[in-house]
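Participant: What follows is final_24.txt, compact mmCIF, C-alpha atoms and all ligand atoms.
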# COMPACT_ATOMS: atom_id res chain seq x y z
CA MET A 1 -32.70 -24.60 -42.89
CA GLU A 2 -32.54 -21.31 -44.80
CA ASP A 3 -33.95 -22.90 -47.97
CA TYR A 4 -37.20 -23.78 -46.18
CA PHE A 5 -37.73 -20.24 -44.95
CA GLY A 6 -36.17 -18.08 -47.68
CA GLY A 7 -33.10 -16.91 -45.77
CA LEU A 8 -31.89 -16.27 -42.23
CA ASN A 9 -33.58 -12.85 -41.99
CA LYS A 10 -36.98 -14.40 -42.69
CA MET A 11 -36.23 -17.11 -40.11
CA TYR A 12 -35.59 -14.40 -37.51
CA VAL A 13 -38.91 -12.74 -38.34
CA LEU A 14 -40.73 -16.07 -37.99
CA HIS A 15 -38.81 -16.86 -34.80
CA HIS A 16 -39.95 -13.50 -33.41
CA LEU A 17 -43.57 -14.27 -34.32
CA THR A 18 -43.62 -17.84 -32.96
CA GLY A 19 -41.85 -16.66 -29.79
CA ALA A 20 -44.50 -13.99 -29.20
CA THR A 21 -47.38 -16.40 -29.96
CA ALA A 22 -45.98 -19.13 -27.68
CA PHE A 23 -45.57 -16.55 -24.95
CA VAL A 24 -49.23 -15.48 -25.18
CA PHE A 25 -50.39 -19.12 -25.03
CA LEU A 26 -48.12 -19.76 -22.05
CA LEU A 27 -49.58 -16.76 -20.23
CA PHE A 28 -53.09 -18.14 -20.73
CA HIS A 29 -52.09 -21.53 -19.30
CA PRO A 30 -51.69 -20.48 -15.59
CA LEU A 31 -54.45 -17.88 -15.95
CA PHE A 32 -56.98 -20.51 -17.07
CA LEU A 33 -55.89 -22.85 -14.27
CA ALA A 34 -56.15 -20.05 -11.70
CA GLY A 35 -59.59 -19.25 -13.15
CA HIS A 36 -60.58 -22.82 -12.34
CA TYR A 37 -59.65 -22.24 -8.65
CA ILE A 38 -61.52 -18.92 -8.55
CA LEU A 39 -64.75 -20.97 -8.70
CA PHE A 40 -63.87 -22.21 -5.21
CA SER A 41 -61.95 -19.34 -3.63
CA LEU A 42 -60.06 -16.21 -4.70
CA ARG A 43 -57.34 -16.96 -2.13
CA GLN A 44 -56.78 -20.42 -3.55
CA ALA A 45 -56.51 -18.96 -7.07
CA ALA A 46 -53.93 -16.37 -5.93
CA LEU A 47 -51.92 -19.00 -4.01
CA PHE A 48 -51.88 -21.19 -7.09
CA LEU A 49 -49.85 -18.53 -8.94
CA LEU A 50 -47.20 -18.32 -6.19
CA PRO A 51 -44.30 -20.72 -5.54
CA SER A 52 -45.15 -23.53 -3.14
CA GLY A 53 -43.63 -26.74 -1.82
CA HIS A 54 -44.63 -28.50 -5.06
CA TRP A 55 -41.44 -28.45 -7.20
CA PRO A 56 -42.96 -29.29 -10.59
CA ILE A 57 -45.21 -26.21 -10.21
CA ASN A 58 -42.27 -24.10 -9.06
CA PHE A 59 -40.34 -25.07 -12.19
CA GLY A 60 -43.29 -23.84 -14.29
CA ILE A 61 -43.49 -20.57 -12.35
CA ALA A 62 -39.72 -20.05 -12.72
CA ALA A 63 -39.88 -20.76 -16.49
CA LEU A 64 -42.73 -18.30 -16.99
CA ALA A 65 -41.09 -15.62 -14.82
CA ILE A 66 -37.81 -15.85 -16.79
CA MET A 67 -39.76 -15.71 -20.05
CA ILE A 68 -41.79 -12.67 -18.95
CA ILE A 69 -38.64 -10.74 -17.94
CA LEU A 70 -36.65 -11.66 -21.06
CA LEU A 71 -39.46 -11.05 -23.53
CA ILE A 72 -40.26 -7.67 -21.99
CA LEU A 73 -36.57 -6.84 -22.59
CA THR A 74 -36.94 -8.06 -26.20
CA PHE A 75 -40.19 -6.41 -27.19
CA TYR A 76 -40.36 -3.29 -25.06
CA THR A 77 -36.81 -2.06 -24.41
CA ASN A 78 -33.99 -0.90 -26.64
CA LEU A 79 -31.04 -2.66 -24.99
CA HIS A 80 -27.55 -2.42 -26.47
CA TYR A 81 -27.42 -5.41 -28.90
CA PRO A 82 -24.68 -7.52 -27.15
CA VAL A 83 -26.42 -7.06 -23.77
CA TRP A 84 -29.76 -8.08 -25.28
CA LYS A 85 -28.16 -11.10 -27.01
CA THR A 86 -26.62 -12.34 -23.74
CA SER A 87 -29.92 -11.87 -21.91
CA HIS A 88 -31.82 -13.70 -24.68
CA ARG A 89 -29.61 -16.78 -24.20
CA PHE A 90 -31.20 -17.30 -20.76
CA LEU A 91 -34.43 -18.31 -22.50
CA GLY A 92 -32.69 -21.71 -22.72
CA LEU A 93 -33.05 -21.87 -18.93
CA ALA A 94 -36.77 -21.08 -19.21
CA PHE A 95 -37.08 -23.89 -21.76
CA PHE A 96 -35.25 -26.31 -19.43
CA PHE A 97 -37.45 -25.42 -16.43
CA GLY A 98 -40.53 -25.62 -18.67
CA GLY A 99 -39.48 -29.14 -19.72
CA LEU A 100 -39.03 -30.20 -16.06
CA HIS A 101 -42.45 -28.73 -15.23
CA ALA A 102 -44.14 -30.60 -18.09
CA PHE A 103 -42.61 -33.99 -17.23
CA PHE A 104 -42.95 -33.98 -13.46
CA ILE A 105 -46.36 -32.34 -13.10
CA GLY A 106 -47.99 -35.72 -13.79
CA SER A 107 -50.99 -34.57 -15.82
CA ASP A 108 -51.82 -34.75 -19.56
CA ILE A 109 -48.30 -35.51 -20.79
CA ALA A 110 -47.75 -38.29 -18.25
CA SER A 111 -51.01 -40.04 -19.13
CA ASN A 112 -50.86 -39.75 -22.93
CA LEU A 113 -48.05 -41.81 -24.51
CA PRO A 114 -47.97 -40.22 -28.02
CA LEU A 115 -47.98 -36.75 -26.44
CA LYS A 116 -45.23 -37.83 -24.05
CA ILE A 117 -43.03 -39.15 -26.91
CA TYR A 118 -43.65 -35.97 -28.94
CA MET A 119 -42.73 -33.76 -25.97
CA VAL A 120 -39.61 -35.79 -25.12
CA ILE A 121 -38.35 -35.51 -28.72
CA LEU A 122 -39.17 -31.80 -28.88
CA THR A 123 -37.48 -31.04 -25.56
CA ILE A 124 -34.34 -33.03 -26.38
CA LEU A 125 -34.13 -31.35 -29.82
CA GLY A 126 -34.59 -27.93 -28.24
CA LEU A 127 -31.96 -28.54 -25.56
CA VAL A 128 -29.45 -30.03 -28.00
CA THR A 129 -29.76 -27.09 -30.41
CA PHE A 130 -29.56 -24.65 -27.50
CA ILE A 131 -26.38 -26.29 -26.18
CA TYR A 132 -24.88 -26.40 -29.72
CA ARG A 133 -25.75 -22.81 -30.63
CA SER A 134 -25.68 -20.91 -27.35
CA VAL A 135 -23.48 -22.77 -24.84
CA PHE A 136 -20.69 -24.43 -26.84
CA HIS A 137 -20.94 -22.34 -30.03
CA LYS A 138 -17.28 -21.29 -29.79
CA ILE A 139 -16.17 -24.94 -30.12
CA LEU A 140 -19.00 -26.53 -32.11
CA VAL A 141 -20.14 -23.99 -34.72
CA LYS A 142 -18.11 -24.20 -37.94
CA LYS A 143 -16.11 -21.05 -38.64
CA PHE A 144 -13.62 -20.09 -41.35
CA ASN A 145 -10.23 -18.61 -40.48
CA TYR A 146 -9.34 -15.39 -42.29
CA GLN A 147 -6.86 -12.56 -41.78
CA LEU A 148 -7.37 -8.83 -42.09
CA GLU A 149 -5.52 -7.72 -45.21
CA GLN A 150 -6.59 -4.10 -45.71
CA VAL A 151 -8.81 -1.37 -44.25
CA ILE A 152 -9.50 1.55 -46.57
CA PRO A 153 -11.58 4.56 -45.46
CA LEU A 154 -13.97 5.45 -48.29
CA GLY A 155 -15.19 8.64 -46.75
CA GLU A 156 -16.00 9.99 -43.34
CA LYS A 157 -18.15 7.08 -42.18
CA VAL A 158 -17.48 4.10 -44.47
CA VAL A 159 -14.58 1.62 -44.56
CA GLU A 160 -13.79 -1.14 -47.01
CA ILE A 161 -12.27 -4.19 -45.38
CA THR A 162 -10.42 -6.93 -47.27
CA LEU A 163 -10.06 -10.40 -45.74
CA LYS A 164 -7.78 -13.22 -46.93
CA PRO A 165 -8.38 -16.91 -46.11
CA GLN A 166 -5.99 -18.79 -43.81
CA GLY A 167 -7.01 -22.24 -44.97
CA LYS A 168 -10.41 -23.20 -46.31
CA THR A 169 -12.21 -20.52 -48.37
CA ILE A 170 -15.83 -19.66 -47.83
CA GLN A 171 -18.02 -20.38 -50.90
CA PHE A 172 -20.64 -17.68 -51.34
CA GLU A 173 -23.25 -16.44 -53.81
CA ALA A 174 -23.34 -12.74 -54.70
CA GLY A 175 -25.77 -11.03 -52.28
CA GLN A 176 -25.07 -13.28 -49.27
CA PHE A 177 -23.82 -12.13 -45.86
CA ILE A 178 -21.49 -13.45 -43.17
CA PHE A 179 -20.97 -13.06 -39.43
CA VAL A 180 -17.53 -11.64 -38.66
CA GLU A 181 -15.45 -11.68 -35.46
CA PHE A 182 -12.13 -9.84 -35.41
CA LEU A 183 -9.86 -11.44 -32.82
CA GLN A 184 -8.59 -8.09 -31.53
CA LYS A 185 -9.48 -6.71 -28.09
CA GLY A 186 -12.77 -4.80 -28.31
CA PHE A 187 -13.80 -6.38 -31.64
CA THR A 188 -14.67 -9.98 -30.74
CA GLU A 189 -18.46 -9.47 -30.97
CA SER A 190 -19.90 -11.25 -34.00
CA HIS A 191 -21.64 -8.88 -36.46
CA PRO A 192 -23.40 -9.57 -39.79
CA PHE A 193 -22.18 -7.91 -43.01
CA SER A 194 -22.99 -8.47 -46.67
CA ILE A 195 -20.08 -9.48 -48.85
CA SER A 196 -19.50 -6.56 -51.21
CA SER A 197 -16.91 -8.20 -53.48
CA SER A 198 -17.90 -10.16 -56.55
CA SER A 199 -18.57 -13.88 -56.19
CA THR A 200 -16.25 -14.40 -59.17
CA ASP A 201 -13.37 -13.82 -56.72
CA GLN A 202 -13.99 -16.17 -53.79
CA THR A 203 -10.56 -15.51 -52.25
CA ASN A 204 -10.42 -11.78 -51.47
CA LEU A 205 -13.50 -11.09 -49.38
CA LYS A 206 -14.51 -7.46 -49.20
CA LEU A 207 -16.90 -5.89 -46.71
CA THR A 208 -18.06 -2.30 -47.01
CA ILE A 209 -19.19 -1.03 -43.64
CA LYS A 210 -20.88 2.16 -42.52
CA ALA A 211 -20.37 3.49 -38.98
CA LEU A 212 -23.80 3.19 -37.40
CA GLY A 213 -22.95 2.48 -33.76
CA ASP A 214 -20.20 1.74 -31.18
CA TYR A 215 -18.69 -1.23 -32.99
CA THR A 216 -18.86 -0.08 -36.59
CA SER A 217 -17.47 3.36 -35.66
CA LYS A 218 -14.11 1.99 -34.53
CA LEU A 219 -13.34 -0.43 -37.39
CA ALA A 220 -10.81 1.98 -38.93
CA ILE A 221 -8.42 1.25 -36.01
CA LEU A 222 -8.31 -2.51 -36.68
CA LYS A 223 -4.72 -3.79 -36.99
CA ILE A 224 -3.68 -5.31 -40.31
CA GLY A 225 -2.93 -9.02 -39.84
CA THR A 226 -5.63 -9.47 -37.17
CA LYS A 227 -7.10 -12.98 -37.20
CA VAL A 228 -10.75 -13.14 -38.25
CA LYS A 229 -13.41 -15.81 -37.69
CA ILE A 230 -16.20 -16.00 -40.25
CA GLU A 231 -19.48 -17.83 -40.01
CA GLY A 232 -21.68 -18.30 -43.07
CA PRO A 233 -22.51 -17.54 -45.77
CA PHE A 234 -26.17 -16.82 -45.08
CA GLY A 235 -29.10 -15.27 -46.91
CA ARG A 236 -31.11 -15.91 -50.06
CA PHE A 237 -31.02 -12.37 -51.44
CA SER A 238 -29.97 -13.35 -54.93
CA TYR A 239 -31.18 -12.17 -58.33
CA LYS A 240 -30.82 -15.80 -59.44
CA ASN A 241 -33.50 -16.96 -56.96
CA CYS A 242 -36.44 -15.75 -59.08
CA HIS A 243 -38.18 -16.17 -62.46
CA ASN A 244 -37.86 -12.83 -64.24
CA LYS A 245 -34.56 -11.87 -65.77
CA ASN A 246 -35.86 -8.34 -66.17
CA GLN A 247 -35.32 -6.82 -62.72
CA ILE A 248 -35.37 -3.64 -60.66
CA TRP A 249 -32.74 -3.32 -57.92
CA ILE A 250 -33.04 -0.58 -55.31
CA ALA A 251 -30.22 0.33 -52.92
CA GLY A 252 -30.67 2.76 -50.04
CA GLY A 253 -27.41 4.11 -48.54
CA ILE A 254 -25.11 1.33 -47.34
CA GLY A 255 -27.77 -1.13 -48.64
CA ILE A 256 -25.73 -0.85 -51.82
CA THR A 257 -23.30 -3.59 -50.58
CA PRO A 258 -25.08 -6.76 -51.85
CA PHE A 259 -25.55 -5.07 -55.25
CA LEU A 260 -21.80 -4.30 -55.39
CA SER A 261 -21.31 -8.05 -55.20
CA MET A 262 -24.08 -8.93 -57.67
CA ALA A 263 -23.45 -6.30 -60.37
CA PRO A 264 -20.20 -7.76 -61.81
CA THR A 265 -21.81 -11.21 -62.14
CA ILE A 266 -24.85 -10.50 -64.32
CA ASN A 267 -24.79 -12.05 -67.78
CA ASP A 268 -26.48 -11.28 -71.13
CA GLN A 269 -29.75 -12.93 -70.14
CA TYR A 270 -30.50 -10.28 -67.55
CA LYS A 271 -31.67 -6.70 -67.81
CA ILE A 272 -31.25 -4.73 -64.62
CA ASP A 273 -32.18 -1.19 -63.59
CA LEU A 274 -30.33 -0.38 -60.37
CA TYR A 275 -31.60 2.63 -58.43
CA CYS A 276 -29.03 3.96 -55.96
CA CYS A 277 -30.36 6.32 -53.30
CA PHE A 278 -27.47 8.02 -51.54
CA LYS A 279 -26.67 11.00 -49.33
CA THR A 280 -22.99 10.82 -48.35
CA SER A 281 -19.78 11.12 -50.35
CA ALA A 282 -18.78 7.53 -49.47
CA GLU A 283 -22.03 6.21 -50.92
CA ASN A 284 -21.38 8.38 -53.95
CA PHE A 285 -17.94 6.75 -54.25
CA LEU A 286 -19.58 3.30 -54.27
CA LEU A 287 -22.05 4.53 -56.87
CA ASN A 288 -19.12 5.52 -59.11
CA LYS A 289 -17.73 2.00 -58.68
CA LEU A 290 -21.06 0.59 -59.91
CA GLN A 291 -21.16 3.04 -62.80
CA LYS A 292 -17.75 1.75 -63.94
CA ILE A 293 -19.12 -1.81 -63.92
CA ALA A 294 -22.15 -0.63 -65.92
CA THR A 295 -19.98 0.92 -68.65
CA GLN A 296 -18.68 -2.59 -69.38
CA ASN A 297 -22.08 -4.26 -69.23
CA ASN A 298 -25.06 -3.01 -71.27
CA GLN A 299 -27.43 -5.21 -69.28
CA LEU A 300 -26.96 -2.99 -66.23
CA ARG A 301 -28.33 0.54 -66.03
CA ILE A 302 -27.52 2.67 -62.97
CA ILE A 303 -29.93 5.37 -61.93
CA SER A 304 -28.48 7.60 -59.22
CA TRP A 305 -30.90 9.18 -56.78
CA PRO A 306 -29.35 11.80 -54.47
CA SER A 307 -32.05 11.78 -51.78
CA ASN A 308 -30.94 15.09 -50.26
CA LYS A 309 -31.71 16.82 -53.59
CA LYS A 310 -34.56 14.74 -55.03
CA GLY A 311 -36.34 13.55 -51.86
CA ARG A 312 -37.43 9.96 -51.28
CA LEU A 313 -37.56 7.60 -54.24
CA LYS A 314 -41.15 6.53 -55.00
CA ALA A 315 -42.44 3.32 -56.62
CA GLU A 316 -44.40 5.36 -59.17
CA VAL A 317 -41.21 7.14 -60.28
CA ILE A 318 -39.48 3.78 -60.67
CA ALA A 319 -42.41 2.44 -62.73
CA GLU A 320 -42.17 5.45 -65.03
CA MET A 321 -38.37 5.47 -65.39
CA SER A 322 -38.20 1.72 -66.02
CA GLN A 323 -41.12 1.64 -68.50
CA GLY A 324 -43.48 -0.31 -66.28
CA LEU A 325 -43.07 -2.99 -63.64
CA ASN A 326 -44.91 -5.92 -65.20
CA ASN A 327 -43.05 -9.23 -65.13
CA LYS A 328 -40.13 -7.77 -63.23
CA ASP A 329 -38.68 -9.00 -59.94
CA ILE A 330 -37.79 -6.24 -57.50
CA PHE A 331 -34.85 -6.40 -55.07
CA ILE A 332 -34.59 -3.82 -52.28
CA CYS A 333 -31.86 -3.37 -49.68
CA GLY A 334 -31.71 -0.37 -47.39
CA PRO A 335 -32.91 1.07 -44.09
CA PRO A 336 -35.98 -0.74 -42.61
CA ALA A 337 -38.20 2.36 -43.02
CA MET A 338 -37.35 2.63 -46.72
CA LEU A 339 -38.00 -1.09 -47.27
CA LYS A 340 -41.36 -0.91 -45.53
CA SER A 341 -42.47 2.17 -47.41
CA LEU A 342 -41.40 0.96 -50.88
CA LYS A 343 -42.91 -2.49 -50.37
CA LYS A 344 -46.22 -0.86 -49.45
CA GLN A 345 -46.09 1.36 -52.54
CA PHE A 346 -45.29 -1.57 -54.88
CA ILE A 347 -48.15 -3.62 -53.42
CA LYS A 348 -50.45 -0.63 -53.99
CA LEU A 349 -49.33 -0.71 -57.63
CA LYS A 350 -50.53 -4.35 -57.71
CA ILE A 351 -47.09 -5.93 -57.82
CA PRO A 352 -47.42 -9.49 -56.41
CA LYS A 353 -45.64 -9.90 -53.05
CA LYS A 354 -43.65 -12.87 -54.37
CA LEU A 355 -41.89 -10.56 -56.85
CA ILE A 356 -40.62 -8.23 -54.11
CA HIS A 357 -37.41 -9.44 -52.44
CA SER A 358 -35.70 -7.57 -49.64
CA GLU A 359 -32.68 -7.73 -47.37
CA GLU A 360 -33.02 -5.96 -44.04
CA PHE A 361 -29.85 -4.84 -42.31
CA THR A 362 -31.32 -5.79 -38.96
CA LEU A 363 -31.95 -9.16 -37.35
CA LEU A 364 -34.20 -8.00 -34.53
C1 LIG B 1 -28.01 -9.38 -43.16
C2 LIG B 1 -27.28 -8.13 -42.78
C3 LIG B 1 -26.32 -7.59 -43.61
C4 LIG B 1 -25.68 -6.40 -43.28
N1 LIG B 1 -24.74 -5.89 -44.13
C5 LIG B 1 -24.15 -4.73 -43.84
C6 LIG B 1 -23.18 -4.15 -44.74
O1 LIG B 1 -22.87 -4.70 -45.80
N2 LIG B 1 -22.63 -2.96 -44.40
C7 LIG B 1 -22.96 -2.30 -43.24
O2 LIG B 1 -22.42 -1.23 -42.99
N3 LIG B 1 -23.85 -2.83 -42.38
C8 LIG B 1 -24.45 -4.02 -42.63
N4 LIG B 1 -25.34 -4.57 -41.74
C9 LIG B 1 -25.65 -3.82 -40.51
C10 LIG B 1 -24.59 -4.09 -39.45
O3 LIG B 1 -24.62 -5.43 -39.05
C11 LIG B 1 -24.90 -3.20 -38.23
O4 LIG B 1 -24.83 -1.87 -38.65
C12 LIG B 1 -23.88 -3.40 -37.14
O5 LIG B 1 -23.94 -4.71 -36.62
C13 LIG B 1 -24.18 -2.36 -36.06
O6 LIG B 1 -23.33 -2.55 -34.96
P1 LIG B 1 -22.92 -1.34 -33.99
O7 LIG B 1 -22.54 -1.92 -32.67
O8 LIG B 1 -21.93 -0.46 -34.65
O9 LIG B 1 -24.23 -0.49 -33.87
P2 LIG B 1 -25.37 -0.51 -32.77
O10 LIG B 1 -25.88 0.88 -32.62
O11 LIG B 1 -24.96 -1.25 -31.55
O12 LIG B 1 -26.46 -1.40 -33.51
C14 LIG B 1 -27.34 -0.86 -34.47
C15 LIG B 1 -28.30 -1.99 -34.85
O13 LIG B 1 -27.56 -3.01 -35.56
C16 LIG B 1 -28.00 -4.31 -35.15
N5 LIG B 1 -26.88 -5.02 -34.53
C17 LIG B 1 -25.97 -4.53 -33.66
N6 LIG B 1 -25.09 -5.47 -33.30
C18 LIG B 1 -25.45 -6.59 -33.97
C19 LIG B 1 -24.95 -7.92 -33.98
N7 LIG B 1 -23.89 -8.28 -33.26
N8 LIG B 1 -25.58 -8.83 -34.77
C20 LIG B 1 -26.69 -8.48 -35.47
N9 LIG B 1 -27.19 -7.24 -35.51
C21 LIG B 1 -26.60 -6.32 -34.76
C22 LIG B 1 -29.14 -4.10 -34.18
O14 LIG B 1 -30.36 -4.11 -34.95
C23 LIG B 1 -28.91 -2.74 -33.64
O15 LIG B 1 -30.10 -2.13 -33.21
C24 LIG B 1 -25.97 -5.76 -42.06
C25 LIG B 1 -26.90 -6.32 -41.19
C26 LIG B 1 -27.55 -7.49 -41.54
C27 LIG B 1 -28.55 -8.07 -40.61
I'd like the structure from this file rewritten - as C-alpha cells, please.
Facilitator:
Amino acid sequence: MEDYFGGLNKMYVLHHLTGATAFVFLLFHPLFLAGHYILFSLRQAALFLLPSGHWPINFGIAALAIMIILLILTFYTNLHYPVWKTSHRFLGLAFFFGGLHAFFIGSDIASNLPLKIYMVILTILGLVTFIYRSVFHKILVKKFNYQLEQVIPLGEKVVEITLKPQGKTIQFEAGQFIFVEFLQKGFTESHPFSISSSSTDQTNLKLTIKALGDYTSKLAILKIGTKVKIEGPFGRFSYKNCHNKNQIWIAGGIGITPFLSMAPTINDQYKIDLYCCFKTSAENFLLNKLQKIATQNNQLRIISWPSNKKGRLKAEVIAEMSQGLNNKDIFICGPPAMLKSLKKQFIKLKIPKKLIHSEEFTLL
C-alpha cells in the first residue's frame, strides 16, 4: 500500500493521525449518550458509564478503557520501544471488543442493513490484518534469509554490516530501508535500517548503523555467520520518484546512509548537490567515501558541512551555494529536528511542499 501513501513512514504518520482522531470521536460517543441520561438524572448518567449486567455495553466499556490506557502510553509516555510495541498490539483486543459491542448492542447497526454490511466487512478486514500482522507475523509475513558476513567498526559509534543472501535475494531501489532481525540471543528485535550499499549490487547488502540506544550500541559484538531475517524493502525515498533531475540532497549525521546507496547510481541526466552535515569521525569517513564516488561522477557535487565548526546548515545558505532552488527537488534525511527546521525554512523560501522529500529515522 506504500504507493498510495508515499512510503511506510508517511503511512505511520497518517496511522497516528487517524488513530488519534478515532479516539477523540470514540470518547465523545459515551459522553454524548451519558449527556442524554443527565436530562433525567445525574446518577443514571454516571451508572451508564460503569460496567453493568448488560454484556454488549460492557464490551464497549472494556474496548474504550483498553484504548484510553494504550493511547495514553503512546502519546504521553516515552516507553522503551519494544515495550511500547508489545503494548500497542493489545489495541487489537480493543478492536475485537469494540466489534462485539457494535454488533450485539442492537441499535443503529442492527437496524440498518447497508451499515451492518459495511461494519461486518470492516471488522473482518481489521481482524484478519491484525491476526496476520500482529499474532502470526512470525509464520505469515514474508521474510528473506540472510547471513551476517562482516561487521566493521567505522569509528567510535558507527558499524558497517554486510549481509549475504541464503536463498532468494531482496530486490531494492537505492534509498529504501529494511527491517532486520539477527537470530542471536539479545538481537531478535526487528529494527529498521536504510540500505547503504548501491542498488547496482543487490547481493551484498550493507547497513551503516550508528549507536543511538541499547540495541544499536551492541551490534559490534554480533557473531559472524549469524542468521538474519529481513523484511522489506520499504520506503519511497528515491531521487527517481520526482520530476526535476536537478536536485539538492541534504544528509544530517547518520542520515547519510540512503545517499550512500543512491550516489553511485546517478547517471548523466542528473545534477546533484549533496550537502553532508557531520560531527563525528565516522560520519567524516562516510563523507570521504562519497567524495571518492563524486570524483568519478561530475554530476555529483559534495559539499561538506562540519556542524561543530560552521553551525547549523540553513536553507538560505543552500540556495546561495547551489545558485538558487528553482525547479529543484530537495531530499533530506537526518534527525527529526533538522528535518522539521529545514522544511520550514524551504517553505518560507516559497519552495512548493511537493518538491521537498524527507526520510525520518523514526516510525513513531
Ligand atoms: C526508515 C528508517 C531508516 C533508518 N535507517 C537507519 C540507518 O541507516 N542507520 C542508523 O544508524 N539508523 C537508522 N534508523 C534508526 C534506527 O532504526 C534506530 O536508531 C534504532 O532502531 C534504535 O534502536 P535502539 O534500541 O538502539 O535505540 P532506542 O533508544 O531504543 O530507540 C531510539 C528510537 O529509535 C526508534 N526505534 C527503536 N527501536 C525501534 C524498532 N524496533 N523499530 C522502529 N523504530 C525503533 C524509536 O523512535 C526510538 O525512540 C532508521 C530508522 C528508520 C525509521
Participant: When you look at Glu360 (chain A) with a cut-off of 9 Å (counting all atoms listed in the file), what residues show up, excluding the ones that are within fewer than 2 positions of it in the same chain? I need them as a PyMOL selection string.
Facilitator: chain A and resi 9+255+332-336+339+358+362-363
Participant: So that I can check the surroundings of region 65-76 of chain A, please list as a ChimeraX atom specification every protein, DNA and RNA residue that reaches within 12 Å of it, counting only C-alpha atoms and ignoring chain neighbours fewer than 6 positions away.
Facilitator: /A:16-17,19-24,26-27,30,49-51,58-59,83-98,364
Participant: Between A:Tyr37, A:Phe144, A:Phe28, A:Phe259, single out the one closest to ligand LIG 1 (chain B), counting only C-alpha atoms and all ligand atoms.
Facilitator: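 Selected residue with least distance to ligand LIG 1 (chain B): A:Phe259.
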Participant: May I have the residues within 8 Å of ligand LIG 1 (chain B), computed using only C-alpha atoms and all ligand atoms, as a PyMOL selection string?
Facilitator: chain A and resi 8-9+78+80-82+158+176-179+189-196+207-217+234-235+254-258+359-364
Participant: Let me make sure I understand: among A:Lys292, A:His15, A:Lys279, A:His36, which one has the smallest atom-to-atom distance to Pro306 (chain A) if we use only C-alpha atoms?
Facilitator: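 Looking only at the distances to Pro306 (chain A), the closest residue turns out to be A:Lys279.
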Participant: As a PyMOL selection string, please: the residues near Phe5 (chain A) (cut-off 10 Å, all atoms listed in the file, same-chain neighbours under 5 positions excluded).
Facilitator: chain A and resi 10-12+14+236
Participant: Would you save the residues from that selection as a PDB file, in the coordinates of the input, using C-alpha atoms?
Facilitator:
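File produced: selection10.pdb:
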ATOM      1  CA  LYS A  10     -36.980 -14.400 -42.690  1.00  0.00           C
ATOM      2  CA  MET A  11     -36.230 -17.110 -40.110  1.00  0.00           C
ATOM      3  CA  TYR A  12     -35.590 -14.400 -37.510  1.00  0.00           C
ATOM      4  CA  LEU A  14     -40.730 -16.070 -37.990  1.00  0.00           C
ATOM      5  CA  ARG A 236     -31.110 -15.910 -50.060  1.00  0.00           C
TER       6      ARG A 236
END
Participant: Between CA of Leu219 (chain A) and CA of Glu181 (chain A), what is the spacing in Å?
Facilitator: 11.6 Å
Participant: Set the distance at 10 Å and use all atoms listed in the file: which residues neighbour Leu222 (chain A) once local chain neighbours fewer than 2 positions away are removed? I'd like the list as a list in words.
Facilitator: Leu148, Gln150, Val151, Ile161, Phe182, Leu183, Gln184, Lys185, Gly186, Phe187, Lys218, Leu219, Ala220, Ile224, Gly225 and Thr226 of chain A
Participant: Could you work out how far CA of Trp249 (chain A) lies from CA of Leu274 (chain A), giving the answer in Å with one decimal?
Facilitator: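 Pair CA of Leu274 (chain A) / CA of Trp249 (chain A) returns 4.5 Å.
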Participant: Measuring between only C-alpha atoms, which one of A:Leu33, A:Leu300, A:Val180, A:Met338 shows the shortest distance to Gly252 (chain A)?
Facilitator: A:Met338
Participant: How big is the axis-aligned box around all listed atoms of region 108-124 of chain A once 6 Å goes on each side, and where's its centre, in Å to one decimal, as JSON?
Facilitator:
{"center_x": -43.1, "center_y": -36.4, "center_z": -23.6, "size_x": 29.5, "size_y": 22.8, "size_z": 22.7}
Participant: In Å, rounded to a single decimal, give me how far CA of Lys271 (chain A) is from CA of Lys245 (chain A).
Facilitator: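 Those two atoms sit 6.3 Å apart.
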Participant: Measuring between all atoms listed in the file, which one of A:Cys276, A:Ile57, A:Ile330, A:Ile170 shows the shortest distance to Asn244 (chain A)?
Facilitator: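 Smallest distance to Asn244 (chain A) is found for A:Ile330.
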Participant: Given the choices A:Ala45, A:Ile347, A:Asp273, A:Lys138, which gets closest to Asn297 (chain A) if the distance is worked out from only C-alpha atoms?
Facilitator: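 Of all the options, A:Asp273 lies closest to Asn297 (chain A).
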Participant: Which residue, A:Ile38, A:Ile250, A:Ala319, A:Ala337, has the smallest gap to Ile303 (chain A) when you use all atoms listed in the file?
Facilitator: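 Closest to Ile303 (chain A), using all atoms listed in the file: A:Ile250.
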Participant: Please, which residues are within 12 Å of (-20.0, 2.0, -57.6) by the file's coordinates, counting only C-alpha atoms, and could they come as a VMD selection string?
Facilitator: chain A and resid 154 196 to 197 208 251 253 to 254 256 to 264 274 to 276 278 281 to 295 301 to 304
Participant: If we count all atoms listed in the file and set the cut-off at 12 Å, which residues sit around Ala102 (chain A), ignoring sequence neighbours fewer than 5 positions away in its own chain? Please answer as a ChimeraX atom specification.
Facilitator: /A:55-61,63,95-97,107-111,115-116,119-120,122-123
